[in-house]
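Here the structure is laid out as structure tokens; the discussion comes afterwards.
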Amino acid sequence: MQLFKNLKLNIIGQRKYAYIFSGALILIGIISIFFHKGIKYGIDFTGGTSLQIKFEKQMDAGTLRNSLSDIGFGNAEIKRIGLPAENEFIIRVEQMEEGSDVAIIMEQELNKDFPDNKYDIRAVTEIGPKIGSELRRAAIFAILFSLFGILIYISWRFEFKFAVGAVIALFHDVLITLGIFSLLNYEISLAVVAAFLTIVGYSLNDTIVVFDRIRENLKVLRRETFENLINTSINQTLSRTIITSFTTLIVVFILFIMGGEVIHNFAFALIVGVLIGTYSSIYVASPIIIEWYKRAETNKRK
């Protein structure tokens with residue numbers, strides 16, 4: 001299916017504006033990470049206790065917070081799961097002193113404050129601060145190793161300059177998504193890290209499609225300049241890119257709206273990642289190859 005036919009957009013000619021746009025987004029994200037709100041880690045990385053609880057009668061987050069404030073958990077993160085009528089919540093608190101059983105302390109307080117509203121504890125998750133820091137380190141290494149593996153794969157499949165363009169575009173996608181999370185003060189959990197890795201895979205797929213068309217056109221359009229060849233290749237794959245991204249966004253957006261608080265951040269990361277990944281496969285990855293090519297030509301002349 002072709003949404004657009006015989007497109008002749010001057011995408012490569014507009015690459016300087018794309019550089020400015022990308023640079024501005026990355027700069028804003030870096031400023032937010034280091035000088036503003038920073039990165040908000042979930043208990044997966046900082047350590048803490050997560051309690052999933054379902055009440056028989058009506059309950060709201062404000063009432064729960066007031067109850068937990070009496071035992072020093074006023075800053076607890078409380079999220080409703082499912083429909084309001086289900087009265088199910090996830091309560092997350094930071095790590096307390098060693099030896100403290102947070103779940104039992106919360107149960108005792110809830111029993112005291114709501115004796116007529118029985119509840120069922122569905123799950124209790126406890127993560128120590130040491131495990132949290134190890135998970136944070138492992139998550140960073142997972143993303144870096146995936147980028148390194150992609151660099152090797154693209155170098156073998158295409159050329160090293162193609163690999164550099166792809167990896168820079170992927171790093172660009174993750175950095176911008178992380179910056180947006182920092183700006184909005186959204187929590188980074190293991191699920192969000194999984195979303196980042198999904199973004200890497202999705203964006204790479206789009207980029208490889210463009211690279212594959214460039215490789216084909218290098219044999220067919222030999223008389224064209226390198227810039228025109230890449231511009232033509234992007235135009236030829238643009239219809240496929242837009243259709244794939246649009247259909248993916250429909251599914252992810254429904255997850256974001258209907259999926260509930262538990263996967264809210266995961267779905268939001270995917271929405272941002274699909275949008276930025278589609279943009280980078282068009283305006284970042286391929287233009288970097290041109291800059292590499294131009295520099296190589298300049299060095300040859302010298």
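Labeling convention for the structure tokens: chains A, B, ... as they appear, residues from 1 per chain, ligands from 1 in order of appearance.
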
Residues at most 12 Å from Lys294 (chain A), counting only C-alpha atoms, excluding those fewer than 5 positions away in the same chain, as number ranges by chain? A: 161, 225-227, 287-289, 299-301

Writer output for current selection, C-alpha atoms, as a PDB file, in the first residue's frame:
ATOM      1  CA  LYS A 161      29.304   5.207   8.361  1.00  0.00           C
ATOM      2  CA  THR A 225      24.762  13.193  -6.510  1.00  0.00           C
ATOM      3  CA  PHE A 226      25.016  11.498  -3.118  1.00  0.00           C
ATOM      4  CA  GLU A 227      22.621  14.023  -1.539  1.00  0.00           C
ATOM      5  CA  PRO A 287      21.769  13.223   6.985  1.00  0.00           C
ATOM      6  CA  ILE A 288      24.615  12.054   9.271  1.00  0.00           C
ATOM      7  CA  ILE A 289      25.803   9.772   6.448  1.00  0.00           C
ATOM      8  CA  ASN A 299      39.864  15.055   3.355  1.00  0.00           C
ATOM      9  CA  LYS A 300      40.514  13.402  -0.011  1.00  0.00           C
ATOM     10  CA  ARG A 301      40.867  16.773  -1.737  1.00  0.00           C
TER      11      ARG A 301
END

Based on the backbone DSSP call, show me all residues of region 7-230 of chain A assigned helix (DSSP H, G or I), as a short mmCIF file (atom, residue, chain, number, x, y, z; two decimals) with N, CA and C atoms, in the first residue's frame.
data_model
loop_
_atom_site.label_atom_id
_atom_site.label_comp_id
_atom_site.auth_asym_id
_atom_site.auth_seq_id
_atom_site.Cartn_x
_atom_site.Cartn_y
_atom_site.Cartn_z
N ILE A 12 16.51 16.36 2.65
CA ILE A 12 17.93 16.55 2.95
C ILE A 12 18.29 18.03 2.95
N GLY A 13 17.63 18.81 2.10
CA GLY A 13 17.90 20.25 2.06
C GLY A 13 17.48 20.97 3.34
N GLN A 14 16.57 20.36 4.08
CA GLN A 14 16.09 20.96 5.33
C GLN A 14 16.79 20.39 6.56
N ARG A 15 17.87 19.66 6.35
CA ARG A 15 18.48 18.96 7.49
C ARG A 15 19.06 19.90 8.54
N LYS A 16 19.49 21.09 8.15
CA LYS A 16 20.05 22.02 9.14
C LYS A 16 18.98 22.45 10.15
N TYR A 17 17.75 22.62 9.66
CA TYR A 17 16.66 22.96 10.59
C TYR A 17 16.38 21.79 11.53
N ALA A 18 16.52 20.58 11.00
CA ALA A 18 16.33 19.38 11.83
C ALA A 18 17.42 19.30 12.90
N TYR A 19 18.66 19.66 12.53
CA TYR A 19 19.75 19.66 13.51
C TYR A 19 19.45 20.63 14.65
N ILE A 20 18.93 21.81 14.28
CA ILE A 20 18.61 22.83 15.29
C ILE A 20 17.49 22.32 16.21
N PHE A 21 16.46 21.73 15.60
CA PHE A 21 15.32 21.21 16.38
C PHE A 21 15.77 20.11 17.34
N SER A 22 16.55 19.16 16.81
CA SER A 22 17.04 18.06 17.65
C SER A 22 17.95 18.57 18.75
N GLY A 23 18.85 19.49 18.38
CA GLY A 23 19.78 20.05 19.37
C GLY A 23 19.05 20.76 20.49
N ALA A 24 17.97 21.49 20.13
CA ALA A 24 17.21 22.21 21.14
C ALA A 24 16.51 21.24 22.09
N LEU A 25 15.92 20.17 21.54
CA LEU A 25 15.26 19.18 22.39
C LEU A 25 16.24 18.50 23.33
N ILE A 26 17.40 18.12 22.79
CA ILE A 26 18.42 17.46 23.61
C ILE A 26 18.94 18.40 24.70
N LEU A 27 19.17 19.67 24.34
CA LEU A 27 19.68 20.64 25.31
C LEU A 27 18.68 20.87 26.43
N ILE A 28 17.40 21.01 26.08
CA ILE A 28 16.37 21.20 27.10
C ILE A 28 16.32 20.00 28.04
N GLY A 29 16.41 18.79 27.45
CA GLY A 29 16.41 17.58 28.27
C GLY A 29 17.60 17.50 29.21
N ILE A 30 18.79 17.84 28.70
CA ILE A 30 20.00 17.80 29.53
C ILE A 30 19.91 18.81 30.67
N ILE A 31 19.40 20.01 30.36
CA ILE A 31 19.24 21.03 31.40
C ILE A 31 18.28 20.54 32.48
N SER A 32 17.20 19.89 32.05
CA SER A 32 16.23 19.38 33.01
C SER A 32 16.83 18.27 33.86
N ILE A 33 17.61 17.38 33.24
CA ILE A 33 18.20 16.25 33.97
C ILE A 33 19.22 16.70 35.00
N PHE A 34 20.06 17.68 34.63
CA PHE A 34 21.18 18.05 35.51
C PHE A 34 20.90 19.29 36.37
N PHE A 35 19.99 20.16 35.94
CA PHE A 35 19.83 21.41 36.67
C PHE A 35 18.39 21.69 37.12
N ILE A 43 10.72 2.79 42.61
CA ILE A 43 11.30 1.96 43.68
C ILE A 43 12.09 0.79 43.11
N ASP A 44 11.89 0.49 41.80
CA ASP A 44 12.71 -0.54 41.16
C ASP A 44 14.19 -0.19 41.27
N PHE A 45 14.49 1.12 41.25
CA PHE A 45 15.88 1.57 41.23
C PHE A 45 16.33 2.21 42.54
N THR A 46 15.40 2.72 43.32
CA THR A 46 15.79 3.39 44.57
C THR A 46 15.63 2.49 45.79
N ALA A 61 -7.98 7.78 46.78
CA ALA A 61 -6.55 7.96 47.06
C ALA A 61 -6.32 8.97 48.18
N GLY A 62 -7.15 10.03 48.24
CA GLY A 62 -6.98 11.05 49.27
C GLY A 62 -7.19 10.49 50.67
N THR A 63 -8.22 9.66 50.82
CA THR A 63 -8.49 9.05 52.13
C THR A 63 -7.36 8.11 52.54
N LEU A 64 -6.87 7.35 51.57
CA LEU A 64 -5.74 6.45 51.84
C LEU A 64 -4.51 7.23 52.28
N ARG A 65 -4.24 8.35 51.57
CA ARG A 65 -3.05 9.15 51.91
C ARG A 65 -3.16 9.73 53.31
N ASN A 66 -4.35 10.20 53.68
CA ASN A 66 -4.53 10.74 55.03
C ASN A 66 -4.26 9.69 56.10
N SER A 67 -4.69 8.45 55.80
CA SER A 67 -4.45 7.37 56.75
C SER A 67 -2.97 7.06 56.89
N LEU A 68 -2.28 7.00 55.76
CA LEU A 68 -0.86 6.65 55.77
C LEU A 68 0.02 7.77 56.31
N SER A 69 -0.50 9.01 56.27
CA SER A 69 0.27 10.15 56.80
C SER A 69 0.54 9.99 58.29
N PRO A 84 -12.93 3.05 38.84
CA PRO A 84 -13.12 3.53 40.22
C PRO A 84 -13.94 2.56 41.08
N ALA A 85 -14.90 1.88 40.45
CA ALA A 85 -15.76 0.96 41.22
C ALA A 85 -15.00 -0.25 41.74
N GLU A 86 -13.83 -0.54 41.17
CA GLU A 86 -13.07 -1.72 41.59
C GLU A 86 -12.31 -1.49 42.90
N VAL A 102 7.48 -2.74 56.10
CA VAL A 102 6.57 -1.67 55.68
C VAL A 102 5.16 -2.21 55.46
N ALA A 103 5.06 -3.38 54.83
CA ALA A 103 3.74 -3.94 54.52
C ALA A 103 2.92 -4.17 55.78
N ILE A 104 3.57 -4.72 56.83
CA ILE A 104 2.85 -4.99 58.08
C ILE A 104 2.43 -3.69 58.76
N ILE A 105 3.33 -2.69 58.72
CA ILE A 105 3.02 -1.39 59.34
C ILE A 105 1.80 -0.76 58.65
N MET A 106 1.77 -0.82 57.31
CA MET A 106 0.64 -0.25 56.58
C MET A 106 -0.65 -1.03 56.85
N GLU A 107 -0.55 -2.34 56.93
CA GLU A 107 -1.74 -3.18 57.21
C GLU A 107 -2.34 -2.82 58.57
N GLN A 108 -1.48 -2.65 59.56
CA GLN A 108 -1.96 -2.32 60.90
C GLN A 108 -2.70 -0.98 60.92
N GLU A 109 -2.15 -0.02 60.18
CA GLU A 109 -2.78 1.31 60.14
C GLU A 109 -4.11 1.26 59.38
N LEU A 110 -4.16 0.51 58.29
CA LEU A 110 -5.40 0.40 57.51
C LEU A 110 -6.48 -0.33 58.31
N ASN A 111 -6.08 -1.35 59.05
CA ASN A 111 -7.04 -2.07 59.91
C ASN A 111 -7.62 -1.15 60.97
N LYS A 112 -6.80 -0.27 61.49
CA LYS A 112 -7.24 0.65 62.54
C LYS A 112 -8.17 1.73 61.98
N ASP A 113 -7.82 2.29 60.81
CA ASP A 113 -8.58 3.40 60.25
C ASP A 113 -9.83 2.96 59.49
N PRO A 129 17.78 -1.04 48.73
CA PRO A 129 18.51 0.00 48.02
C PRO A 129 19.69 -0.52 47.22
N LYS A 130 20.35 -1.56 47.73
CA LYS A 130 21.50 -2.12 47.01
C LYS A 130 21.05 -2.77 45.71
N ILE A 131 19.96 -3.53 45.77
CA ILE A 131 19.42 -4.16 44.56
C ILE A 131 18.95 -3.09 43.58
N GLY A 132 18.34 -2.03 44.12
CA GLY A 132 17.88 -0.94 43.28
C GLY A 132 19.00 -0.29 42.49
N SER A 133 20.13 -0.03 43.17
CA SER A 133 21.28 0.60 42.48
C SER A 133 21.87 -0.35 41.44
N GLU A 134 21.87 -1.66 41.75
CA GLU A 134 22.37 -2.64 40.78
C GLU A 134 21.46 -2.71 39.55
N LEU A 135 20.15 -2.64 39.78
CA LEU A 135 19.21 -2.64 38.66
C LEU A 135 19.38 -1.40 37.80
N ARG A 136 19.64 -0.26 38.44
CA ARG A 136 19.84 0.98 37.69
C ARG A 136 21.08 0.89 36.82
N ARG A 137 22.15 0.33 37.39
CA ARG A 137 23.38 0.14 36.62
C ARG A 137 23.16 -0.84 35.47
N ALA A 138 22.44 -1.92 35.77
CA ALA A 138 22.19 -2.94 34.73
C ALA A 138 21.34 -2.37 33.60
N ALA A 139 20.38 -1.50 33.94
CA ALA A 139 19.53 -0.90 32.91
C ALA A 139 20.34 -0.01 31.97
N ILE A 140 21.26 0.77 32.54
CA ILE A 140 22.12 1.64 31.71
C ILE A 140 23.00 0.81 30.80
N PHE A 141 23.60 -0.25 31.37
CA PHE A 141 24.45 -1.12 30.56
C PHE A 141 23.66 -1.83 29.46
N ALA A 142 22.42 -2.20 29.77
CA ALA A 142 21.58 -2.88 28.77
C ALA A 142 21.38 -2.00 27.54
N ILE A 143 21.10 -0.71 27.78
CA ILE A 143 20.90 0.22 26.66
C ILE A 143 22.20 0.44 25.90
N LEU A 144 23.31 0.63 26.63
CA LEU A 144 24.60 0.88 25.98
C LEU A 144 25.08 -0.33 25.18
N PHE A 145 24.91 -1.52 25.76
CA PHE A 145 25.33 -2.74 25.05
C PHE A 145 24.48 -2.97 23.80
N SER A 146 23.18 -2.64 23.89
CA SER A 146 22.32 -2.79 22.72
C SER A 146 22.77 -1.85 21.60
N LEU A 147 23.16 -0.62 21.95
CA LEU A 147 23.65 0.32 20.95
C LEU A 147 24.97 -0.16 20.34
N PHE A 148 25.84 -0.73 21.19
CA PHE A 148 27.12 -1.25 20.70
C PHE A 148 26.90 -2.43 19.75
N GLY A 149 25.98 -3.32 20.12
CA GLY A 149 25.67 -4.45 19.26
C GLY A 149 25.10 -4.01 17.93
N ILE A 150 24.27 -2.96 17.96
CA ILE A 150 23.70 -2.43 16.72
C ILE A 150 24.80 -1.83 15.84
N LEU A 151 25.77 -1.16 16.47
CA LEU A 151 26.89 -0.59 15.72
C LEU A 151 27.63 -1.68 14.95
N ILE A 152 27.88 -2.81 15.61
CA ILE A 152 28.59 -3.93 14.96
C ILE A 152 27.74 -4.52 13.84
N TYR A 153 26.44 -4.71 14.11
CA TYR A 153 25.55 -5.34 13.13
C TYR A 153 25.41 -4.48 11.87
N ILE A 154 25.16 -3.19 12.04
CA ILE A 154 24.99 -2.30 10.87
C ILE A 154 26.29 -2.18 10.10
N SER A 155 27.43 -2.18 10.80
CA SER A 155 28.73 -2.12 10.11
C SER A 155 28.92 -3.35 9.23
N TRP A 156 28.48 -4.51 9.74
CA TRP A 156 28.61 -5.75 8.96
C TRP A 156 27.60 -5.80 7.82
N ARG A 157 26.37 -5.34 8.10
CA ARG A 157 25.31 -5.42 7.11
C ARG A 157 25.47 -4.36 6.02
N PHE A 160 30.41 1.14 7.93
CA PHE A 160 30.59 1.72 9.26
C PHE A 160 29.91 3.08 9.36
N LYS A 161 29.93 3.89 8.29
CA LYS A 161 29.30 5.21 8.36
C LYS A 161 27.78 5.09 8.52
N PHE A 162 27.19 4.03 7.94
CA PHE A 162 25.77 3.79 8.15
C PHE A 162 25.52 3.43 9.62
N ALA A 163 26.40 2.64 10.19
CA ALA A 163 26.26 2.22 11.60
C ALA A 163 26.33 3.43 12.53
N VAL A 164 27.25 4.33 12.25
CA VAL A 164 27.39 5.53 13.08
C VAL A 164 26.11 6.37 13.01
N GLY A 165 25.58 6.54 11.80
CA GLY A 165 24.33 7.30 11.64
C GLY A 165 23.18 6.66 12.40
N ALA A 166 23.07 5.33 12.34
CA ALA A 166 21.99 4.63 13.03
C ALA A 166 22.12 4.76 14.54
N VAL A 167 23.32 4.57 15.08
CA VAL A 167 23.53 4.61 16.53
C VAL A 167 23.31 6.03 17.07
N ILE A 168 23.79 7.04 16.34
CA ILE A 168 23.56 8.42 16.78
C ILE A 168 22.05 8.72 16.80
N ALA A 169 21.33 8.24 15.80
CA ALA A 169 19.88 8.45 15.76
C ALA A 169 19.20 7.75 16.94
N LEU A 170 19.63 6.55 17.29
CA LEU A 170 19.04 5.81 18.41
C LEU A 170 19.37 6.49 19.74
N PHE A 171 20.61 6.92 19.88
CA PHE A 171 21.01 7.64 21.10
C PHE A 171 20.20 8.93 21.21
N HIS A 172 19.99 9.59 20.10
CA HIS A 172 19.16 10.80 20.01
C HIS A 172 17.74 10.52 20.51
N ASP A 173 17.16 9.39 20.09
CA ASP A 173 15.78 9.04 20.48
C ASP A 173 15.68 8.80 21.99
N VAL A 174 16.60 8.01 22.53
CA VAL A 174 16.56 7.69 23.96
C VAL A 174 16.80 8.94 24.80
N LEU A 175 17.75 9.78 24.39
CA LEU A 175 18.08 10.98 25.16
C LEU A 175 16.92 11.96 25.20
N ILE A 176 16.25 12.14 24.06
CA ILE A 176 15.11 13.06 24.02
C ILE A 176 13.95 12.52 24.86
N THR A 177 13.67 11.22 24.75
CA THR A 177 12.60 10.62 25.55
C THR A 177 12.90 10.74 27.04
N LEU A 178 14.15 10.49 27.42
CA LEU A 178 14.55 10.63 28.82
C LEU A 178 14.40 12.07 29.29
N GLY A 179 14.78 13.03 28.43
CA GLY A 179 14.64 14.44 28.77
C GLY A 179 13.18 14.85 28.97
N ILE A 180 12.28 14.33 28.14
CA ILE A 180 10.85 14.62 28.29
C ILE A 180 10.32 14.04 29.60
N PHE A 181 10.77 12.84 29.95
CA PHE A 181 10.38 12.24 31.23
C PHE A 181 10.85 13.11 32.39
N SER A 182 12.06 13.65 32.28
CA SER A 182 12.58 14.51 33.33
C SER A 182 11.78 15.80 33.43
N LEU A 183 11.45 16.40 32.28
CA LEU A 183 10.68 17.65 32.27
C LEU A 183 9.31 17.46 32.92
N LEU A 184 8.66 16.34 32.61
CA LEU A 184 7.32 16.08 33.13
C LEU A 184 7.33 15.42 34.50
N LEU A 190 11.46 -0.16 35.67
CA LEU A 190 11.95 -1.21 34.77
C LEU A 190 11.07 -1.31 33.52
N ALA A 191 9.78 -1.05 33.67
CA ALA A 191 8.88 -1.08 32.51
C ALA A 191 9.24 0.01 31.51
N VAL A 192 9.63 1.18 32.01
CA VAL A 192 10.02 2.28 31.13
C VAL A 192 11.34 1.97 30.43
N VAL A 193 12.26 1.32 31.14
CA VAL A 193 13.52 0.89 30.51
C VAL A 193 13.21 -0.09 29.37
N ALA A 194 12.25 -1.00 29.62
CA ALA A 194 11.83 -1.92 28.56
C ALA A 194 11.26 -1.14 27.37
N ALA A 195 10.54 -0.05 27.67
CA ALA A 195 10.01 0.80 26.60
C ALA A 195 11.14 1.46 25.82
N PHE A 196 12.20 1.89 26.51
CA PHE A 196 13.36 2.49 25.83
C PHE A 196 14.00 1.49 24.86
N LEU A 197 14.15 0.25 25.32
CA LEU A 197 14.73 -0.78 24.45
C LEU A 197 13.81 -1.09 23.27
N THR A 198 12.50 -1.02 23.51
CA THR A 198 11.54 -1.19 22.41
C THR A 198 11.67 -0.06 21.41
N ILE A 199 11.87 1.16 21.91
CA ILE A 199 12.06 2.33 21.04
C ILE A 199 13.30 2.14 20.17
N VAL A 200 14.37 1.64 20.78
CA VAL A 200 15.60 1.38 20.03
C VAL A 200 15.33 0.42 18.88
N GLY A 201 14.63 -0.67 19.17
CA GLY A 201 14.33 -1.65 18.13
C GLY A 201 13.42 -1.10 17.05
N TYR A 202 12.41 -0.34 17.46
CA TYR A 202 11.46 0.21 16.48
C TYR A 202 12.15 1.22 15.57
N SER A 203 12.89 2.14 16.17
CA SER A 203 13.57 3.17 15.38
C SER A 203 14.60 2.55 14.44
N LEU A 204 15.30 1.53 14.94
CA LEU A 204 16.30 0.85 14.11
C LEU A 204 15.65 0.21 12.88
N ASN A 205 14.49 -0.39 13.07
CA ASN A 205 13.78 -1.02 11.96
C ASN A 205 13.47 -0.01 10.86
N ASP A 206 12.98 1.17 11.26
CA ASP A 206 12.70 2.24 10.29
C ASP A 206 13.97 2.67 9.57
N THR A 207 15.04 2.83 10.34
CA THR A 207 16.31 3.31 9.77
C THR A 207 16.88 2.31 8.78
N ILE A 208 16.79 1.02 9.10
CA ILE A 208 17.34 -0.02 8.21
C ILE A 208 16.57 -0.05 6.87
N VAL A 209 15.26 0.19 6.92
CA VAL A 209 14.47 0.23 5.69
C VAL A 209 15.00 1.34 4.76
N VAL A 210 15.28 2.51 5.35
CA VAL A 210 15.82 3.62 4.55
C VAL A 210 17.21 3.27 4.04
N PHE A 211 18.06 2.71 4.91
CA PHE A 211 19.42 2.34 4.51
C PHE A 211 19.41 1.30 3.38
N ASP A 212 18.49 0.37 3.47
CA ASP A 212 18.41 -0.67 2.45
C ASP A 212 18.06 -0.07 1.09
N ARG A 213 17.15 0.91 1.09
CA ARG A 213 16.81 1.58 -0.16
C ARG A 213 17.98 2.41 -0.68
N ILE A 214 18.73 3.02 0.21
CA ILE A 214 19.93 3.77 -0.21
C ILE A 214 20.92 2.83 -0.88
N ARG A 215 21.14 1.66 -0.29
CA ARG A 215 22.06 0.69 -0.85
C ARG A 215 21.61 0.24 -2.25
N GLU A 216 20.31 0.02 -2.42
CA GLU A 216 19.80 -0.36 -3.73
C GLU A 216 20.00 0.76 -4.75
N ASN A 217 19.74 1.98 -4.34
CA ASN A 217 19.85 3.12 -5.26
C ASN A 217 21.29 3.46 -5.60
N LEU A 218 22.23 3.06 -4.75
CA LEU A 218 23.65 3.28 -5.08
C LEU A 218 24.04 2.53 -6.36
N LYS A 219 23.33 1.44 -6.65
CA LYS A 219 23.59 0.67 -7.87
C LYS A 219 22.78 1.19 -9.05
N VAL A 220 21.60 1.76 -8.75
CA VAL A 220 20.68 2.16 -9.82
C VAL A 220 20.89 3.62 -10.23
N PHE A 226 25.29 12.30 -4.32
CA PHE A 226 25.02 11.50 -3.12
C PHE A 226 23.84 12.07 -2.33
N GLU A 227 23.72 13.39 -2.26
CA GLU A 227 22.62 14.02 -1.54
C GLU A 227 21.29 13.72 -2.21
N ASN A 228 21.22 13.84 -3.53
CA ASN A 228 19.98 13.56 -4.25
C ASN A 228 19.59 12.08 -4.13
N LEU A 229 20.60 11.22 -4.13
CA LEU A 229 20.33 9.79 -4.02
C LEU A 229 19.68 9.47 -2.67
N ILE A 230 20.23 10.04 -1.60
CA ILE A 230 19.67 9.78 -0.27
C ILE A 230 18.29 10.42 -0.14
#

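If you look at CA of Glu187 (chain A) and CA of Ala269 (chain A), they are 10.7 Å away from each other.
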
Could you tell me which of A:Asn87, A:Ser189, A:Ser281, A:Asn10 comes closest to Ile39 (chain A) if we count only C-alpha atoms?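 Nearest candidate to Ile39 (chain A) out of A:Asn87, A:Ser189, A:Ser281, A:Asn10: A:Ser189.
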
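CA of Leu249 (chain A) is positioned 8.2 Å from CA of Leu275 (chain A).
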
May I have all residues of region 58-138 of chain A that DSSP, computed from the backbone, assigns to strand (DSSP E or B), given as number ranges by chain? A: 77-81, 88-94, 119-127
